[in-house]
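Beneath this line is the structure, given in structure tokens, with notes to follow.
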Amino acid sequence: MLIVKDLVKTYPNGTQALKGVNFQVDDGEFLAVIGLSGSGKSTLLRCINRLIEPTSGTILWNDIDITAAKGKEIRMIRRQIGMVFQQFNLVKRSSVYNNVMSGRLGYVPTFPSLLQSFSREDRERAANNLAMVGLEDKAHVRADSLSGGQQQRVGIARALMQEPKIILADEPVASLDPVLAHSILKYLEQLNKERGITVLCSLHFLDLVHRYATRAIALKDGLVVFEGLPSEIDDAQFKEIYGQDAERIEIS
Amino acid sequence: MRSLKRSMGKMLNESKLAEMRCEERELMTSNSQYIPEQKKKRVIAPILSLVIPGSGQMVLKKTWRGVTVFIVTLILSFLVQWGFSNFAIGEIAVGGLKTSWLWIPLALFWLWNVLDAYLLSIQKTAPPLLAFIFAAVVLYTIAWVVTDVNLDRLVTRFDAAKTVMTKVVNPDYIQVYKDGKFEVCGWNCIGDYLDAKIKGESVPHLRVSENVGDIFGRQGTVTATWWDKLFRGIRVGVRIPGFETGKLIETIAIGLMATIFSTILAIPVSFLAAHNIMSHVPGGKVVYYIVRTLLNVVRAVDTVVWGLLIIVWVGLGSFAGVIALTIHSIAALAKLYSEEIEHIDPGPVEAIEATGGNFLQVIRYAVIPQIIPSFLSYTLLRWDINMRSATVIGFVAGGGIGFFVLETIRIGGYQQYAAALWAVAVVIILVDMISSKWRNKILEDKPKAPDKTTWSRIRTWIYIILGLAVFTYCWNITGINPKNLFNPGVTFGRLLKDFVSLDLSQSVLAGVTKQMITTVMQALLATTLGALVAIPFSFLAAKNLTGKSKFSAWIYHITRSIFNILRSIEALLYVAIFVYWVGIGPFAGMLALAITTFALIGKLFSEAIENIDTGPIEAVNATGANKLQMIMYAVVPQIVPPFLSYLIYQWDINIRMATIIGFAGGGGIGLTLNSYFGSLQYHKAGTVVAMIVIVVALLDFTSAKIREKFV
């Protein structure tokens with residue numbers, strides 16, 4: 001179980017991204033995080049694996065205090081939390097295989113990893129994970145020769161190398177064509193249902209939330225303004241989250 | 001180019017905004033409560049500026065403008081006073097009192113500043129062009145005198161110029177037997193030979209001149225190396241028959257070795273000088289600032305000046321040249337590399353951190369793969385620059401073609417000198433072509449299909465073996481001997497000790513200041529002169545303007561070739577021609593600098609013209625305008641910002657070049673430095689180098705600021 005208590009993040013320039021966020025996530029949930037751009041979704045997700053240092057508040061994960069971890073402890077925690085990014089964050093010039101392999105870095109000793117030497121198990125793991133996202137034949141091409149949807153699948157395979165208990169997905173489909181959104185989210189759903197991986201996923205489109213999430217929280221100006229089932233988001237809630245001018249749109 | 005356009009657009013927007021703001025303020029001033037405040041400033045600001053130039057502007061919140069006006073006034077006043085007391089520049093007698101008329105434009109500048117402060121207080125500005133003109137009158141008058149410009153010498157000694165040019169275009173490669181001795185066979189003589197050959201008459205007796213052997217190499221004796229020991233069983237150090245490498249080959253080897261060494265050494269340094277890397281390391285910020293400063297200091301001192309220091313350490317020879325080039329090159333490359341590291345995509349870094357990777361793993365998996373293409377391309381660029389430096393390093397270090405050139409000039413062998421010049425031009429043009437082709441290919445960075453065939457493996461091995469063979473060969477002919485590094489020359493200890501304890505006595509400082517001002521003024525005049533001549537030519541060398549007819553294509557190719565040939569030879573090598581023409585001194589050096597400026601600026605300008613947006617040209621043509629009108633209305637407005645930017649860039653280069661032009665008799669601070677080193681006065685040499693570092697760094701900073709503001 002992941003418990004977020006009174007989480008505050010103030011950036012050095014004075015922007016208050018999070019103003020005291022409280023919520024919890026049970027193991028095996030698919031939690032959607034919604035809200036306008038700038039509402040603090042990315043900051044929240046990055047505080048959970050400490051890519052961003054929270055200003056105050058605590059994050060407890062199965063009785064481990066993530067916010068109190070230091071140095072090596074942070075890396076030990078991070079390697080159990082996979083992350084998928086809006087811009088995929090692949091090394092474009094490296095091969096797909098190398099990008100996937102880099103997901104294993106938290107587990108392997110430093111020196112051999114610097115020489116790109118990995119164990120047979122890890123190499124098999126990479127092959128399996130690439131097969132899982134349907135890219136087994138692309139292992140040795142450069143990442144930037146793949147399409148956007150394929151690149152995001154490489155991103156998922158990289159996260160899977162960590163054998164994560166949680167996956168943080170920061171707008172994983174926002175840079176993709178709407179038609180590709182489902183293919184990516186289906187992989188996340190599959191991992192959530194079949195392997196019991198907890199998924200925290202920030203999303204823009206409400207119909208995707210309805211379709212995939214088991215629960216949703218909404219952020220507005222750094223505060224949680226809604227917490228509940230996706231189906232509970234009615235028109236009034238919607239206006240509350242996105243503002244009076246917003247219109248509901250659907251993607252097929 | 002796109003960013004330039006963007007910044008131009010931004011400038012337009014900003015000026016519109018400023019206009020709007022002005023209107024707003026005027027509206028506000030009509031509001032009664034603002035009047036007292038405004039009126040007060042209207043009186044105070046001009047008075048303040050009258051007392052201390054620029055202070056009024058500062059009170060009116062135009063800090064940058066105020067500071068500039070203040071500093072410019074300070075510099076101009078110093079120069080006028082200095083010029084009058086040292087050279088009696090602009091001397092006139094006013095009622096028995098001797099003074100300089102240059103105080104008049106200075107006073108006008110001062111008045112302009114008062115007017116500007118007043119106009120600023122009522123939301124207007126004084127035209128900056130006026131200020132530029134007043135400042136330019138002062139600067140150029142002083143520059144004219146201190147660089148010893150003697151236009152009449154260009155005319156009166158024109159015969160000398162004709163003589164030297166005839167020799168330069170008739171290099172000593174082939175000699176003809178005439179009247180009992182061999183003499184240089186110029187193009188005419190080759191024509192005669194071919195003529196006779198075709199007609200079947202008896203041909204003159206020709207031979208390849210000694211020079212060719214000196215420059216390219218000849219069959220002779222060499223010292224056996226471990227290579228010969230390995231393959232032929234000959235003891236190392238024995239003299240055996242073999243190919244004696246010429247000075248040109250040596251030069252190529254010096255440039256290559258320096259590029260290899262500096263690349264290897266610059267990579268670790270660049271990580272220490274990259275802000276985004278060092279901010280992740282405890283105490284890294286301090287290291288970052290120290291390394292950055294060090295790199296700037298090392299870079300400010302020209303390769304040739306480094307050569308002076310190095311020969312005291314390891315002695316004369318190619319090895320000293322390699323070290324000097326390597327040192328300067330490490331600093332320049334590390335700076336470029338570190339900027340490249342700072343501009344990587346932070347996404348992958350974040351991703352690798354999120355997987356739990358540690359610092360080294362982040363560098364290995366997220367940073368290194370991203371920087372490879374740009375590092376390679378900078379290395380190739382540096383190879384080009386190093387090859388050029390290698391052609392002149394011999395002037396002080398005693399290795400490579402520079403040494404040969406120096407020798408030929410000493411004995412007045414201008415045709416031998418010409419032979420070296422043409423050979424250098426060919427090599428540098430080739431290097432330039434290879435380097436830029438290769439760079440373009442690398443920067444395209446197309447994904448390649450994985451190539452794992454046997455043939456590709458064999459090819460890789462062939463490349464590795466060839467590379468190693470070239471490396472070993474170059475190592476041998478440049479006489480690299482790491483042992484010498486630990487066995488410094490007798491005066492090296494004294495050099496280190498004396499160099500840091502500068503001689504700051506009045507007389508030395510006055511002398512060094514004088515030479516430094518001469519150097520800066522040489523660069524100023526050379527940049528102006530070179531650019532003025534280059535502008536019309538650059539239009540001829542722009543493909544999009546010359547049109548498609550056969551005649552204009554010829555003009556295009558000829559102009560481009562002139563730029564490329566002139567550009568391939570360093571200013572230091574040109575000095576000898578002008579020394580013959582107008583005599584030793586800063587004038588000759590300035591002219592040599594102007595030639596290289598003309599070539600580089602011409603090339604850059606013509607490329608800027610080729611890169612302009614074609615939309616406006618189409619639009620102006622559509623109105624029925626003629627070619628000149630089209631250029632005035634559609635081309636000129638687009639090329640002013642890049643032209644200014646390149647001018648400032650060239651001025652930067654010229655100042656660095658001007659510091660060494662004295663080594664060949666071109667006047668300026670190089671001459672002073674050379675003589676202090678020659679007479680082992682290391683205290684004073686230290687003062688000179690410190691002065692160079694300070695002035696170059698200051699001007700660097702200024703030109704960066706100017707570019708930020710205007711371009």
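Chain labels A, B, ... are given in the sequence in which chains occur in the structure tokens; within each chain residues are numbered consecutively from 1, and ligands are likewise numbered from 1 in the order shown.
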
Can I get the residues of chain B within 9 Å of chain A, each with the closest pair of atoms and their distance in Å to one decimal, using only C-alpha atoms, sorted chain first then ascending number, as CSV?
residue,atom,partner,partner_atom,distance
B:Asp345,CA,A:Asn89,CA,8.5
B:Pro346,CA,A:Asn89,CA,8.2
B:Gly347,CA,A:Asn89,CA,4.5
B:Pro348,CA,A:Asn89,CA,4.6
B:Val349,CA,A:Asn89,CA,8.0
B:Glu350,CA,A:Leu51,CA,7.4
B:Ala351,CA,A:Asn89,CA,6.1
B:Ile352,CA,A:Ser102,CA,6.8
B:Glu353,CA,A:Leu51,CA,7.5
B:Ala354,CA,A:Arg78,CA,5.8
B:Thr355,CA,A:Arg79,CA,4.9
B:Gly356,CA,A:Arg75,CA,4.3
B:Gly357,CA,A:Gly106,CA,4.7
B:Asn358,CA,A:Gly106,CA,7.3
B:Leu360,CA,A:Thr110,CA,7.6
B:Gln361,CA,A:Leu114,CA,6.5
B:Arg364,CA,A:Leu114,CA,6.2
B:Tyr365,CA,A:Ser102,CA,6.8
B:Ala366,CA,A:Val91,CA,6.4
B:Val367,CA,A:Val91,CA,8.7
B:Pro369,CA,A:Ser94,CA,6.4
B:Gln370,CA,A:Arg93,CA,6.6
B:Asp445,CA,A:Arg93,CA,8.4
B:Lys446,CA,A:Ser145,CA,9.0
B:Pro447,CA,A:Arg142,CA,6.1
B:Lys448,CA,A:Arg142,CA,7.8
B:Ala449,CA,A:Val141,CA,6.7
B:Pro450,CA,A:His140,CA,6.8

List the spatial neighbours of segment 507-513 of chain B as a PDB file with N, CA, C and O atoms, in the first residue's frame - criterion: any atom at most 9 Å away, only C-alpha atoms, same-chain residues fewer than 6 positions off excluded.
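File produced: part.pdb:
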ATOM      1  N   ILE B 669      52.283  42.881 -30.179  1.00  0.00           N
ATOM      2  CA  ILE B 669      52.794  42.333 -28.932  1.00  0.00           C
ATOM      3  C   ILE B 669      53.623  41.068 -29.135  1.00  0.00           C
ATOM      4  O   ILE B 669      54.461  40.722 -28.306  1.00  0.00           O
ATOM      5  N   THR B 672      57.351  41.794 -29.047  1.00  0.00           N
ATOM      6  CA  THR B 672      57.815  42.023 -27.683  1.00  0.00           C
ATOM      7  C   THR B 672      58.004  40.705 -26.954  1.00  0.00           C
ATOM      8  O   THR B 672      59.027  40.453 -26.332  1.00  0.00           O
ATOM      9  N   LYS B 684      59.277  39.548 -17.552  1.00  0.00           N
ATOM     10  CA  LYS B 684      58.597  40.447 -18.477  1.00  0.00           C
ATOM     11  C   LYS B 684      57.690  39.666 -19.429  1.00  0.00           C
ATOM     12  O   LYS B 684      56.591  40.109 -19.763  1.00  0.00           O
ATOM     13  N   THR B 687      54.499  39.114 -17.836  1.00  0.00           N
ATOM     14  CA  THR B 687      53.638  40.298 -17.883  1.00  0.00           C
ATOM     15  C   THR B 687      52.896  40.350 -19.218  1.00  0.00           C
ATOM     16  O   THR B 687      51.702  40.625 -19.257  1.00  0.00           O
ATOM     17  N   VAL B 688      53.622  40.078 -20.305  1.00  0.00           N
ATOM     18  CA  VAL B 688      53.004  40.126 -21.625  1.00  0.00           C
ATOM     19  C   VAL B 688      51.875  39.107 -21.732  1.00  0.00           C
ATOM     20  O   VAL B 688      50.763  39.428 -22.168  1.00  0.00           O
ATOM     21  N   MET B 691      48.897  40.078 -19.788  1.00  0.00           N
ATOM     22  CA  MET B 691      48.193  41.155 -20.488  1.00  0.00           C
ATOM     23  C   MET B 691      47.338  40.577 -21.618  1.00  0.00           C
ATOM     24  O   MET B 691      46.185  40.968 -21.788  1.00  0.00           O
TER      25      MET B 691
END

Which polymer residues have any atom within 6 Å of an atom of Ala32 of chain A, counting only C-alpha atoms, with same-chain residues fewer than 3 positions away left out, as a PDB file with N, CA, C and O atoms, in the first residue's frame?
ATOM      1  N   CYS A 201      -1.255   6.277 -13.166  1.00  0.00           N
ATOM      2  CA  CYS A 201      -1.124   6.761 -14.522  1.00  0.00           C
ATOM      3  C   CYS A 201      -1.824   8.106 -14.656  1.00  0.00           C
ATOM      4  O   CYS A 201      -3.014   8.219 -14.348  1.00  0.00           O
ATOM      5  N   SER A 202      -1.095   9.121 -15.085  1.00  0.00           N
ATOM      6  CA  SER A 202      -1.767  10.400 -15.316  1.00  0.00           C
ATOM      7  C   SER A 202      -2.309  10.410 -16.740  1.00  0.00           C
ATOM      8  O   SER A 202      -1.635   9.947 -17.663  1.00  0.00           O
ATOM      9  N   ALA A 213      -9.142   2.739 -15.725  1.00  0.00           N
ATOM     10  CA  ALA A 213      -8.786   2.918 -14.319  1.00  0.00           C
ATOM     11  C   ALA A 213      -9.764   2.219 -13.404  1.00  0.00           C
ATOM     12  O   ALA A 213     -10.949   2.112 -13.701  1.00  0.00           O
ATOM     13  N   ALA A 216      -9.799   6.851  -9.483  1.00  0.00           N
ATOM     14  CA  ALA A 216      -9.183   8.062 -10.015  1.00  0.00           C
ATOM     15  C   ALA A 216      -9.041   9.110  -8.922  1.00  0.00           C
ATOM     16  O   ALA A 216      -9.856   9.159  -7.990  1.00  0.00           O
TER      17      ALA A 216
END

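Around Thr221 of chain B, within 8 Å and counting only C-alpha atoms, the residues found are Arg239, Ile240, Pro241, Gly242, Phe243 and Glu244 of chain B, once anything fewer than 3 positions away on its own chain is removed.
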
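Checking B:Leu545, B:Cys189, B:Val287, B:Ile52 one by one against Ser270 of chain B, counting only C-alpha atoms, you find the shortest gap at B:Val287.
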
Show which residues sit within 8 Å of Lys247 of chain B, as number ranges by chain. Count only C-alpha atoms, and ignore same-chain residues fewer than 3 positions away.
B: 214-217, 250-251, 399-401, 404

Filtering to N, CA, C and O atoms, could you give me those residues as a CSV table (one decimal), in the first residue's frame?
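Once written, part_15.csv looks like this:
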chain,number,residue,atom,x,y,z
B,214,ASP,N,62.8,18.9,-49.6
B,214,ASP,CA,62.6,19.5,-48.3
B,214,ASP,C,61.2,19.5,-47.9
B,214,ASP,O,60.8,19.3,-46.7
B,215,ILE,N,60.3,19.8,-48.8
B,215,ILE,CA,58.9,20.0,-48.5
B,215,ILE,C,58.2,18.7,-48.4
B,215,ILE,O,57.5,18.4,-47.4
B,216,PHE,N,58.3,17.8,-49.4
B,216,PHE,CA,57.6,16.6,-49.4
B,216,PHE,C,58.4,15.4,-48.9
B,216,PHE,O,57.8,14.5,-48.3
B,217,GLY,N,59.7,15.4,-49.1
B,217,GLY,CA,60.5,14.3,-48.6
B,217,GLY,C,61.4,13.7,-49.8
B,217,GLY,O,61.1,14.1,-50.9
B,250,GLU,N,55.6,16.3,-42.1
B,250,GLU,CA,55.8,16.5,-40.6
B,250,GLU,C,54.7,17.3,-40.1
B,250,GLU,O,54.1,17.1,-39.0
B,251,THR,N,54.3,18.4,-40.8
B,251,THR,CA,53.2,19.3,-40.4
B,251,THR,C,51.9,18.5,-40.3
B,251,THR,O,51.2,18.6,-39.3
B,399,GLY,N,59.5,23.0,-35.8
B,399,GLY,CA,59.1,21.7,-36.5
B,399,GLY,C,58.0,22.1,-37.6
B,399,GLY,O,57.3,23.1,-37.4
B,400,GLY,N,58.0,21.3,-38.6
B,400,GLY,CA,56.9,21.5,-39.6
B,400,GLY,C,57.3,22.6,-40.6
B,400,GLY,O,58.4,23.1,-40.6
B,401,ILE,N,56.3,22.9,-41.5
B,401,ILE,CA,56.6,23.7,-42.6
B,401,ILE,C,56.8,25.2,-42.2
B,401,ILE,O,57.5,25.9,-42.9
B,404,PHE,N,60.4,25.8,-42.0
B,404,PHE,CA,61.0,25.9,-43.4
B,404,PHE,C,60.7,27.3,-44.0
B,404,PHE,O,61.6,27.9,-44.5

Surrounding residues of Ala332 of chain B excluding itself and chain neighbours under 3 positions, 10 Å, only C-alpha atoms, as a compact mmCIF listing (two decimals) with C-alpha atoms, in the first residue's frame:
# COMPACT_ATOMS: atom_id res chain seq x y z
CA SER B 262 43.79 16.51 -27.27
CA ALA B 266 39.64 16.80 -23.44
CA LEU B 295 40.04 26.55 -19.90
CA ASN B 296 39.36 30.20 -20.73
CA VAL B 298 44.54 28.49 -21.69
CA ARG B 299 42.40 29.25 -24.72
CA ALA B 300 43.20 32.97 -24.62
CA THR B 326 47.62 19.75 -27.83
CA ILE B 327 47.44 22.16 -24.87
CA HIS B 328 45.53 24.83 -26.73
CA SER B 329 43.35 22.22 -28.38
CA LYS B 335 34.85 23.93 -23.83
CA LEU B 336 32.89 22.82 -26.90
CA TYR B 337 32.43 19.29 -25.54
CA TYR B 378 33.95 18.88 -33.05
CA ARG B 382 39.48 20.83 -34.47

Run DSSP on the backbone and grab whatever in segment 51-224 of chain A lands in strand (DSSP E or B); send it over as a PyMOL selection string.
chain A and resi 56-61+64-65+81-84+95+142+166-170+198-202+215-220+223-224
